[in-house]
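entry.pdb follows; it contains PDB, N, CA and C atoms.
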MODEL        1
ATOM      1  N   MET A   2       5.045  21.255 -25.258
ATOM      2  CA  MET A   2       5.193  21.640 -26.639
ATOM      3  C   MET A   2       3.973  21.185 -27.460
ATOM      4  N   PHE A   3       3.629  19.895 -27.368
ATOM      5  CA  PHE A   3       2.486  19.380 -28.125
ATOM      6  C   PHE A   3       1.183  19.993 -27.624
ATOM      7  N   ARG A   4       1.104  20.256 -26.326
ATOM      8  CA  ARG A   4      -0.126  20.827 -25.766
ATOM      9  C   ARG A   4      -0.402  22.202 -26.360
ATOM     10  N   ARG A   5       0.622  23.037 -26.489
ATOM     11  CA  ARG A   5       0.416  24.372 -27.069
ATOM     12  C   ARG A   5      -0.081  24.274 -28.509
ATOM     13  N   GLY A   6       0.493  23.357 -29.269
ATOM     14  CA  GLY A   6       0.028  23.141 -30.644
ATOM     15  C   GLY A   6      -1.418  22.675 -30.676
ATOM     16  N   ASN A   7      -1.762  21.762 -29.760
ATOM     17  CA  ASN A   7      -3.136  21.266 -29.706
ATOM     18  C   ASN A   7      -4.115  22.344 -29.271
ATOM     19  N   GLU A   8      -3.683  23.238 -28.399
ATOM     20  CA  GLU A   8      -4.555  24.337 -28.002
ATOM     21  C   GLU A   8      -4.878  25.218 -29.209
ATOM     22  N   SER A   9      -3.886  25.437 -30.065
ATOM     23  CA  SER A   9      -4.117  26.223 -31.287
ATOM     24  C   SER A   9      -5.050  25.486 -32.244
ATOM     25  N   LEU A  10      -4.830  24.176 -32.419
ATOM     26  CA  LEU A  10      -5.724  23.371 -33.262
ATOM     27  C   LEU A  10      -7.148  23.412 -32.722
ATOM     28  N   HIS A  11      -7.277  23.258 -31.420
ATOM     29  CA  HIS A  11      -8.586  23.278 -30.771
ATOM     30  C   HIS A  11      -9.296  24.597 -31.041
ATOM     31  N   ASP A  12      -8.597  25.701 -30.792
ATOM     32  CA  ASP A  12      -9.217  27.015 -30.976
ATOM     33  C   ASP A  12      -9.654  27.233 -32.422
ATOM     34  N   ALA A  13      -8.827  26.817 -33.378
ATOM     35  CA  ALA A  13      -9.179  26.964 -34.797
ATOM     36  C   ALA A  13     -10.396  26.102 -35.144
ATOM     37  N   ALA A  14     -10.442  24.875 -34.622
ATOM     38  CA  ALA A  14     -11.567  23.983 -34.906
ATOM     39  C   ALA A  14     -12.858  24.518 -34.301
ATOM     40  N   VAL A  15     -12.779  25.028 -33.074
ATOM     41  CA  VAL A  15     -13.970  25.593 -32.424
ATOM     42  C   VAL A  15     -14.436  26.833 -33.187
ATOM     43  N   ASP A  16     -13.501  27.696 -33.561
ATOM     44  CA  ASP A  16     -13.857  28.904 -34.320
ATOM     45  C   ASP A  16     -14.532  28.560 -35.643
ATOM     46  N   ALA A  17     -14.120  27.439 -36.251
ATOM     47  CA  ALA A  17     -14.694  27.018 -37.529
ATOM     48  C   ALA A  17     -15.991  26.223 -37.354
ATOM     49  N   GLY A  18     -16.362  25.941 -36.113
ATOM     50  CA  GLY A  18     -17.582  25.182 -35.856
ATOM     51  C   GLY A  18     -17.457  23.707 -36.177
ATOM     52  N   GLU A  19     -16.237  23.193 -36.165
ATOM     53  CA  GLU A  19     -15.971  21.790 -36.520
ATOM     54  C   GLU A  19     -16.575  20.852 -35.469
ATOM     55  N   THR A  20     -17.313  19.846 -35.950
ATOM     56  CA  THR A  20     -17.885  18.845 -35.043
ATOM     57  C   THR A  20     -17.298  17.456 -35.288
ATOM     58  N   ALA A  21     -16.636  17.271 -36.424
ATOM     59  CA  ALA A  21     -16.000  15.989 -36.746
ATOM     60  C   ALA A  21     -14.681  15.875 -35.977
ATOM     61  N   PRO A  22     -14.125  14.658 -35.879
ATOM     62  CA  PRO A  22     -12.827  14.511 -35.214
ATOM     63  C   PRO A  22     -11.746  15.382 -35.859
ATOM     64  N   VAL A  23     -10.865  15.880 -35.014
ATOM     65  CA  VAL A  23      -9.767  16.762 -35.414
ATOM     66  C   VAL A  23      -8.461  15.990 -35.197
ATOM     67  N   PRO A  24      -7.486  16.093 -36.108
ATOM     68  CA  PRO A  24      -6.214  15.368 -35.936
ATOM     69  C   PRO A  24      -5.268  16.097 -34.971
ATOM     70  N   PHE A  25      -5.540  15.965 -33.667
ATOM     71  CA  PHE A  25      -4.674  16.563 -32.656
ATOM     72  C   PHE A  25      -3.337  15.837 -32.628
ATOM     73  N   LEU A  26      -2.317  16.522 -32.141
ATOM     74  CA  LEU A  26      -0.983  15.928 -32.012
ATOM     75  C   LEU A  26      -0.957  14.949 -30.846
ATOM     76  N   CYS A  27      -0.298  13.824 -31.038
ATOM     77  CA  CYS A  27      -0.079  12.878 -29.950
ATOM     78  C   CYS A  27       0.764  13.594 -28.891
ATOM     79  N   GLU A  28       0.369  13.491 -27.626
ATOM     80  CA  GLU A  28       1.060  14.189 -26.546
ATOM     81  C   GLU A  28       1.967  13.259 -25.743
ATOM     82  N   CYS A  29       2.559  12.284 -26.431
ATOM     83  CA  CYS A  29       3.451  11.335 -25.760
ATOM     84  C   CYS A  29       4.795  12.002 -25.446
ATOM     85  N   ALA A  30       5.678  11.245 -24.823
ATOM     86  CA  ALA A  30       6.973  11.779 -24.384
ATOM     87  C   ALA A  30       8.017  11.858 -25.492
ATOM     88  N   ASP A  31       7.728  11.314 -26.663
ATOM     89  CA  ASP A  31       8.677  11.333 -27.777
ATOM     90  C   ASP A  31       8.586  12.676 -28.504
ATOM     91  N   VAL A  32       9.589  13.532 -28.338
ATOM     92  CA  VAL A  32       9.553  14.871 -28.943
ATOM     93  C   VAL A  32       9.559  14.827 -30.471
ATOM     94  N   ASN A  33       9.891  13.683 -31.055
ATOM     95  CA  ASN A  33       9.897  13.534 -32.511
ATOM     96  C   ASN A  33       8.644  12.835 -33.040
ATOM     97  N   CYS A  34       7.689  12.573 -32.163
ATOM     98  CA  CYS A  34       6.474  11.861 -32.567
ATOM     99  C   CYS A  34       5.682  12.701 -33.569
ATOM    100  N   LEU A  35       5.239  12.045 -34.627
ATOM    101  CA  LEU A  35       4.413  12.689 -35.644
ATOM    102  C   LEU A  35       2.991  12.128 -35.649
ATOM    103  N   GLY A  36       2.666  11.364 -34.582
ATOM    104  CA  GLY A  36       1.356  10.730 -34.501
ATOM    105  C   GLY A  36       0.221  11.713 -34.328
ATOM    106  N   ARG A  37      -0.963  11.275 -34.746
ATOM    107  CA  ARG A  37      -2.162  12.090 -34.618
ATOM    108  C   ARG A  37      -3.210  11.333 -33.809
ATOM    109  N   VAL A  38      -3.931  12.069 -33.004
ATOM    110  CA  VAL A  38      -5.005  11.529 -32.178
ATOM    111  C   VAL A  38      -6.296  12.164 -32.688
ATOM    112  N   ASN A  39      -7.092  11.392 -33.390
ATOM    113  CA  ASN A  39      -8.304  11.914 -34.026
ATOM    114  C   ASN A  39      -9.495  11.814 -33.083
ATOM    115  N   VAL A  40      -9.788  12.914 -32.414
ATOM    116  CA  VAL A  40     -10.906  12.989 -31.486
ATOM    117  C   VAL A  40     -11.642  14.307 -31.704
ATOM    118  N   THR A  41     -12.845  14.406 -31.178
ATOM    119  CA  THR A  41     -13.593  15.650 -31.280
ATOM    120  C   THR A  41     -13.014  16.688 -30.325
ATOM    121  N   THR A  42     -13.375  17.929 -30.552
ATOM    122  CA  THR A  42     -12.896  18.980 -29.645
ATOM    123  C   THR A  42     -13.416  18.735 -28.231
ATOM    124  N   ALA A  43     -14.637  18.241 -28.096
ATOM    125  CA  ALA A  43     -15.193  17.961 -26.767
ATOM    126  C   ALA A  43     -14.401  16.862 -26.062
ATOM    127  N   GLN A  44     -14.015  15.825 -26.797
ATOM    128  CA  GLN A  44     -13.210  14.754 -26.191
ATOM    129  C   GLN A  44     -11.849  15.280 -25.767
ATOM    130  N   TRP A  45     -11.229  16.093 -26.620
ATOM    131  CA  TRP A  45      -9.916  16.649 -26.264
ATOM    132  C   TRP A  45     -10.039  17.547 -25.033
ATOM    133  N   GLU A  46     -11.077  18.371 -24.976
ATOM    134  CA  GLU A  46     -11.307  19.244 -23.821
ATOM    135  C   GLU A  46     -11.446  18.444 -22.531
ATOM    136  N   MET A  47     -12.143  17.296 -22.614
ATOM    137  CA  MET A  47     -12.345  16.455 -21.440
ATOM    138  C   MET A  47     -11.006  16.058 -20.815
ATOM    139  N   VAL A  48     -10.009  15.789 -21.654
ATOM    140  CA  VAL A  48      -8.679  15.417 -21.168
ATOM    141  C   VAL A  48      -7.893  16.664 -20.776
ATOM    142  N   ALA A  49      -7.849  17.649 -21.635
ATOM    143  CA  ALA A  49      -7.007  18.833 -21.421
ATOM    144  C   ALA A  49      -7.452  19.672 -20.228
ATOM    145  N   ASN A  50      -8.733  19.598 -19.863
ATOM    146  CA  ASN A  50      -9.221  20.379 -18.732
ATOM    147  C   ASN A  50      -8.842  19.783 -17.383
ATOM    148  N   GLU A  51      -8.327  18.567 -17.377
ATOM    149  CA  GLU A  51      -7.873  17.933 -16.138
ATOM    150  C   GLU A  51      -6.381  18.205 -15.950
ATOM    151  N   PRO A  52      -5.982  18.632 -14.769
ATOM    152  CA  PRO A  52      -4.557  18.921 -14.537
ATOM    153  C   PRO A  52      -3.678  17.701 -14.815
ATOM    154  N   ASN A  53      -2.596  17.923 -15.520
ATOM    155  CA  ASN A  53      -1.577  16.900 -15.774
ATOM    156  C   ASN A  53      -2.045  15.714 -16.608
ATOM    157  N   ARG A  54      -3.101  15.863 -17.389
ATOM    158  CA  ARG A  54      -3.568  14.755 -18.240
ATOM    159  C   ARG A  54      -3.286  15.058 -19.702
ATOM    160  N   TYR A  55      -2.908  13.992 -20.418
ATOM    161  CA  TYR A  55      -2.491  14.120 -21.816
ATOM    162  C   TYR A  55      -3.065  12.967 -22.617
ATOM    163  N   LEU A  56      -3.331  13.205 -23.895
ATOM    164  CA  LEU A  56      -3.899  12.194 -24.779
ATOM    165  C   LEU A  56      -2.846  11.730 -25.764
ATOM    166  N   MET A  57      -2.696  10.410 -25.883
ATOM    167  CA  MET A  57      -1.654   9.870 -26.751
ATOM    168  C   MET A  57      -2.091   8.556 -27.389
ATOM    169  N   ILE A  58      -1.376   8.193 -28.421
ATOM    170  CA  ILE A  58      -1.604   6.912 -29.077
ATOM    171  C   ILE A  58      -1.187   5.804 -28.117
ATOM    172  N   ALA A  59      -2.019   4.787 -28.000
ATOM    173  CA  ALA A  59      -1.736   3.673 -27.096
ATOM    174  C   ALA A  59      -0.373   3.061 -27.400
ATOM    175  N   GLY A  60       0.386   2.836 -26.350
ATOM    176  CA  GLY A  60       1.697   2.212 -26.491
ATOM    177  C   GLY A  60       2.837   3.186 -26.741
ATOM    178  N   HIS A  61       2.543   4.446 -26.982
ATOM    179  CA  HIS A  61       3.618   5.423 -27.181
ATOM    180  C   HIS A  61       4.297   5.705 -25.847
ATOM    181  N   PRO A  62       5.548   6.191 -25.888
ATOM    182  CA  PRO A  62       6.304   6.401 -24.652
ATOM    183  C   PRO A  62       5.665   7.449 -23.738
ATOM    184  N   ARG A  63       5.753   7.166 -22.448
ATOM    185  CA  ARG A  63       5.296   8.109 -21.429
ATOM    186  C   ARG A  63       6.499   8.613 -20.651
ATOM    187  N   SER A  64       6.343   9.773 -20.046
ATOM    188  CA  SER A  64       7.389  10.322 -19.182
ATOM    189  C   SER A  64       7.462   9.491 -17.905
ATOM    190  N   GLU A  65       8.596   9.559 -17.234
ATOM    191  CA  GLU A  65       8.762   8.820 -15.989
ATOM    192  C   GLU A  65       7.683   9.229 -14.988
ATOM    193  N   GLY A  66       7.029   8.253 -14.416
ATOM    194  CA  GLY A  66       6.000   8.501 -13.422
ATOM    195  C   GLY A  66       4.593   8.652 -13.979
ATOM    196  N   GLU A  67       4.469   8.829 -15.289
ATOM    197  CA  GLU A  67       3.136   8.928 -15.888
ATOM    198  C   GLU A  67       2.464   7.565 -15.853
ATOM    199  N   GLU A  68       1.152   7.580 -15.667
ATOM    200  CA  GLU A  68       0.414   6.325 -15.740
ATOM    201  C   GLU A  68      -0.861   6.530 -16.546
ATOM    202  N   VAL A  69      -1.310   5.462 -17.169
ATOM    203  CA  VAL A  69      -2.538   5.497 -17.952
ATOM    204  C   VAL A  69      -3.714   5.470 -16.979
ATOM    205  N   VAL A  70      -4.606   6.465 -17.122
ATOM    206  CA  VAL A  70      -5.748   6.568 -16.214
ATOM    207  C   VAL A  70      -7.086   6.419 -16.942
ATOM    208  N   GLY A  71      -7.032   6.224 -18.246
ATOM    209  CA  GLY A  71      -8.255   6.055 -19.010
ATOM    210  C   GLY A  71      -7.963   5.959 -20.488
ATOM    211  N   SER A  72      -9.030   5.945 -21.274
ATOM    212  CA  SER A  72      -8.857   5.870 -22.722
ATOM    213  C   SER A  72     -10.059   6.491 -23.419
ATOM    214  N   ILE A  73      -9.816   6.885 -24.642
ATOM    215  CA  ILE A  73     -10.871   7.305 -25.565
ATOM    216  C   ILE A  73     -10.611   6.491 -26.829
ATOM    217  N   ARG A  74     -11.523   5.567 -27.089
ATOM    218  CA  ARG A  74     -11.336   4.623 -28.190
ATOM    219  C   ARG A  74      -9.950   3.982 -28.103
ATOM    220  N   GLU A  75      -9.144   4.090 -29.147
ATOM    221  CA  GLU A  75      -7.823   3.430 -29.139
ATOM    222  C   GLU A  75      -6.720   4.292 -28.544
ATOM    223  N   TYR A  76      -7.070   5.427 -27.972
ATOM    224  CA  TYR A  76      -6.072   6.353 -27.424
ATOM    225  C   TYR A  76      -6.032   6.285 -25.904
ATOM    226  N   GLU A  77      -4.866   6.528 -25.344
ATOM    227  CA  GLU A  77      -4.681   6.477 -23.892
ATOM    228  C   GLU A  77      -4.680   7.884 -23.295
ATOM    229  N   ILE A  78      -5.215   7.977 -22.090
ATOM    230  CA  ILE A  78      -5.140   9.200 -21.305
ATOM    231  C   ILE A  78      -4.094   8.940 -20.229
ATOM    232  N   ALA A  79      -3.014   9.709 -20.270
ATOM    233  CA  ALA A  79      -1.936   9.548 -19.288
ATOM    234  C   ALA A  79      -1.953  10.732 -18.332
ATOM    235  N   GLU A  80      -1.575  10.449 -17.090
ATOM    236  CA  GLU A  80      -1.517  11.501 -16.078
ATOM    237  C   GLU A  80      -0.113  11.569 -15.517
ATOM    238  N   LYS A  81       0.438  12.796 -15.500
ATOM    239  CA  LYS A  81       1.747  13.022 -14.898
ATOM    240  C   LYS A  81       1.567  13.194 -13.398
ATOM    241  N   PRO A  82       2.540  12.739 -12.609
ATOM    242  CA  PRO A  82       2.441  12.950 -11.161
ATOM    243  C   PRO A  82       2.537  14.443 -10.838
ATOM    244  N   ASP A  83       1.945  14.816  -9.703
ATOM    245  CA  ASP A  83       2.004  16.231  -9.275
ATOM    246  C   ASP A  83       3.408  16.683  -8.988
TER     247      ASP A  83
ENDMDL
END
structure tokens encoding of this file:
Amino acid sequence: MFRRGNESLHDAAVDAGETAPVPFLCECADVNCLGRVNVTTAQWEMVANEPNRYLMIAGHPRSEGEEVVGSIREYEIAEKPD
């Protein structure tokens, strides 16, 4: 759900030529999360282009089996199992 929204945000930011950080939606497991992950479109692409990887605010809930595999500044990159 959050990924589809972020894909739309990404496309709009790229179309507008935005180079500053964009307030992407936190992609944590909490369906009610209203958090924002402020990263550039290039940083978001780096995560989104990898299978099963999601960007979220550090410490936010992860789905069962997800593990943190990296970070961008204060944000965590989580990977879902295959």
Could you list, as a PyMOL selection string, every residue within 8 Å of Pro24 in chain A, counting all atoms listed in the file and ignoring same-chain residues fewer than 6 positions away?
chain A and resi 7+10+36-41
Enter the distance from CA of Arg74 in chain A to atom C of Asp16 in chain A, in Å, rounded to one decimal.
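Pair CA of Arg74 in chain A / atom C of Asp16 in chain A returns 25.3 Å.
This file, queried with the PyMOL selection byres (((chain A and resi 34 and name CA) around 12) and name CA), gives the residues Met2, Phe3, Leu26, Cys27, Glu28, Cys29, Ala30, Asp31, Val32, Asn33, Leu35, Gly36, Arg37, Val38, Met57, Ile58, His61, Pro62 and Arg63 of chain A.
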Coordinates-based distance that separates CA of Val15 in chain A from CA of Glu77 in chain A (Å, one decimal)
22.9 Å
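CA of Arg5 in chain A to CA of Ile73 in chain A spans 20.5 Å [interatomic distance, one decimal].
Of the residues under consideration (A:Gln44, A:Asn53, A:Thr20, A:Ser64), A:Asn53 shows the shortest atom-to-atom contact distance to Asp83 in chain A when counting only C-alpha atoms.
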Out of chain A, which residues get helix (DSSP H, G or I) from DSSP, as a ChimeraX atom specification?
/A:3-16,42-49
What box, with edges along x, y and z, holds each listed atom of range 48-56 of chain A when 5 Å is added on every side, and can you state its centre and edge lengths in Å to one decimal, as lines of an AutoDock Vina configuration file?
center_x = -5.8
center_y = 16.1
center_z = -20.2
size_x = 18.4
size_y = 18.6
size_z = 21.2
From the set A:Val70, A:Arg54, A:Phe25, A:Tyr76, which residue has the shortest atom-to-atom contact distance to Gly6 in chain A, counting only N, CA and C atoms?
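Looking only at the distances to Gly6 in chain A, the closest residue turns out to be A:Phe25.
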From a backbone DSSP assignment, name each residue in range 25-70 of chain A labelled strand (DSSP E or B), as a list in words.
Phe25, Leu26, Arg37, Val38, Asn39, Val40, Arg54, Tyr55, Leu56, Met57, Ile58, Glu68, Val69 and Val70 of chain A
Go ahead and dump the residues you just picked, N, CA and C atoms, as a PDB file, in the frame of the given file.
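This went into result-v2.pdb:
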ATOM      1  N   PHE A  25      -5.540  15.965 -33.667  1.00  0.00           N
ATOM      2  CA  PHE A  25      -4.674  16.563 -32.656  1.00  0.00           C
ATOM      3  C   PHE A  25      -3.337  15.837 -32.628  1.00  0.00           C
ATOM      4  N   LEU A  26      -2.317  16.522 -32.141  1.00  0.00           N
ATOM      5  CA  LEU A  26      -0.983  15.928 -32.012  1.00  0.00           C
ATOM      6  C   LEU A  26      -0.957  14.949 -30.846  1.00  0.00           C
ATOM      7  N   ARG A  37      -0.963  11.275 -34.746  1.00  0.00           N
ATOM      8  CA  ARG A  37      -2.162  12.090 -34.618  1.00  0.00           C
ATOM      9  C   ARG A  37      -3.210  11.333 -33.809  1.00  0.00           C
ATOM     10  N   VAL A  38      -3.931  12.069 -33.004  1.00  0.00           N
ATOM     11  CA  VAL A  38      -5.005  11.529 -32.178  1.00  0.00           C
ATOM     12  C   VAL A  38      -6.296  12.164 -32.688  1.00  0.00           C
ATOM     13  N   ASN A  39      -7.092  11.392 -33.390  1.00  0.00           N
ATOM     14  CA  ASN A  39      -8.304  11.914 -34.026  1.00  0.00           C
ATOM     15  C   ASN A  39      -9.495  11.814 -33.083  1.00  0.00           C
ATOM     16  N   VAL A  40      -9.788  12.914 -32.414  1.00  0.00           N
ATOM     17  CA  VAL A  40     -10.906  12.989 -31.486  1.00  0.00           C
ATOM     18  C   VAL A  40     -11.642  14.307 -31.704  1.00  0.00           C
ATOM     19  N   ARG A  54      -3.101  15.863 -17.389  1.00  0.00           N
ATOM     20  CA  ARG A  54      -3.568  14.755 -18.240  1.00  0.00           C
ATOM     21  C   ARG A  54      -3.286  15.058 -19.702  1.00  0.00           C
ATOM     22  N   TYR A  55      -2.908  13.992 -20.418  1.00  0.00           N
ATOM     23  CA  TYR A  55      -2.491  14.120 -21.816  1.00  0.00           C
ATOM     24  C   TYR A  55      -3.065  12.967 -22.617  1.00  0.00           C
ATOM     25  N   LEU A  56      -3.331  13.205 -23.895  1.00  0.00           N
ATOM     26  CA  LEU A  56      -3.899  12.194 -24.779  1.00  0.00           C
ATOM     27  C   LEU A  56      -2.846  11.730 -25.764  1.00  0.00           C
ATOM     28  N   MET A  57      -2.696  10.410 -25.883  1.00  0.00           N
ATOM     29  CA  MET A  57      -1.654   9.870 -26.751  1.00  0.00           C
ATOM     30  C   MET A  57      -2.091   8.556 -27.389  1.00  0.00           C
ATOM     31  N   ILE A  58      -1.376   8.193 -28.421  1.00  0.00           N
ATOM     32  CA  ILE A  58      -1.604   6.912 -29.077  1.00  0.00           C
ATOM     33  C   ILE A  58      -1.187   5.804 -28.117  1.00  0.00           C
ATOM     34  N   GLU A  68       1.152   7.580 -15.667  1.00  0.00           N
ATOM     35  CA  GLU A  68       0.414   6.325 -15.740  1.00  0.00           C
ATOM     36  C   GLU A  68      -0.861   6.530 -16.546  1.00  0.00           C
ATOM     37  N   VAL A  69      -1.310   5.462 -17.169  1.00  0.00           N
ATOM     38  CA  VAL A  69      -2.538   5.497 -17.952  1.00  0.00           C
ATOM     39  C   VAL A  69      -3.714   5.470 -16.979  1.00  0.00           C
ATOM     40  N   VAL A  70      -4.606   6.465 -17.122  1.00  0.00           N
ATOM     41  CA  VAL A  70      -5.748   6.568 -16.214  1.00  0.00           C
ATOM     42  C   VAL A  70      -7.086   6.419 -16.942  1.00  0.00           C
TER      43      VAL A  70
END
Residue nearest Leu56 in chain A - candidates A:Ala79, A:Asp12, A:Arg4, A:Glu19, atoms counted: only N, CA and C atoms:
A:Ala79
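Of the listed residues (A:Gly66, A:Val23, A:Glu80, A:Ser72), A:Glu80 comes nearest to Glu51 in chain A; the distances count only C-alpha atoms.
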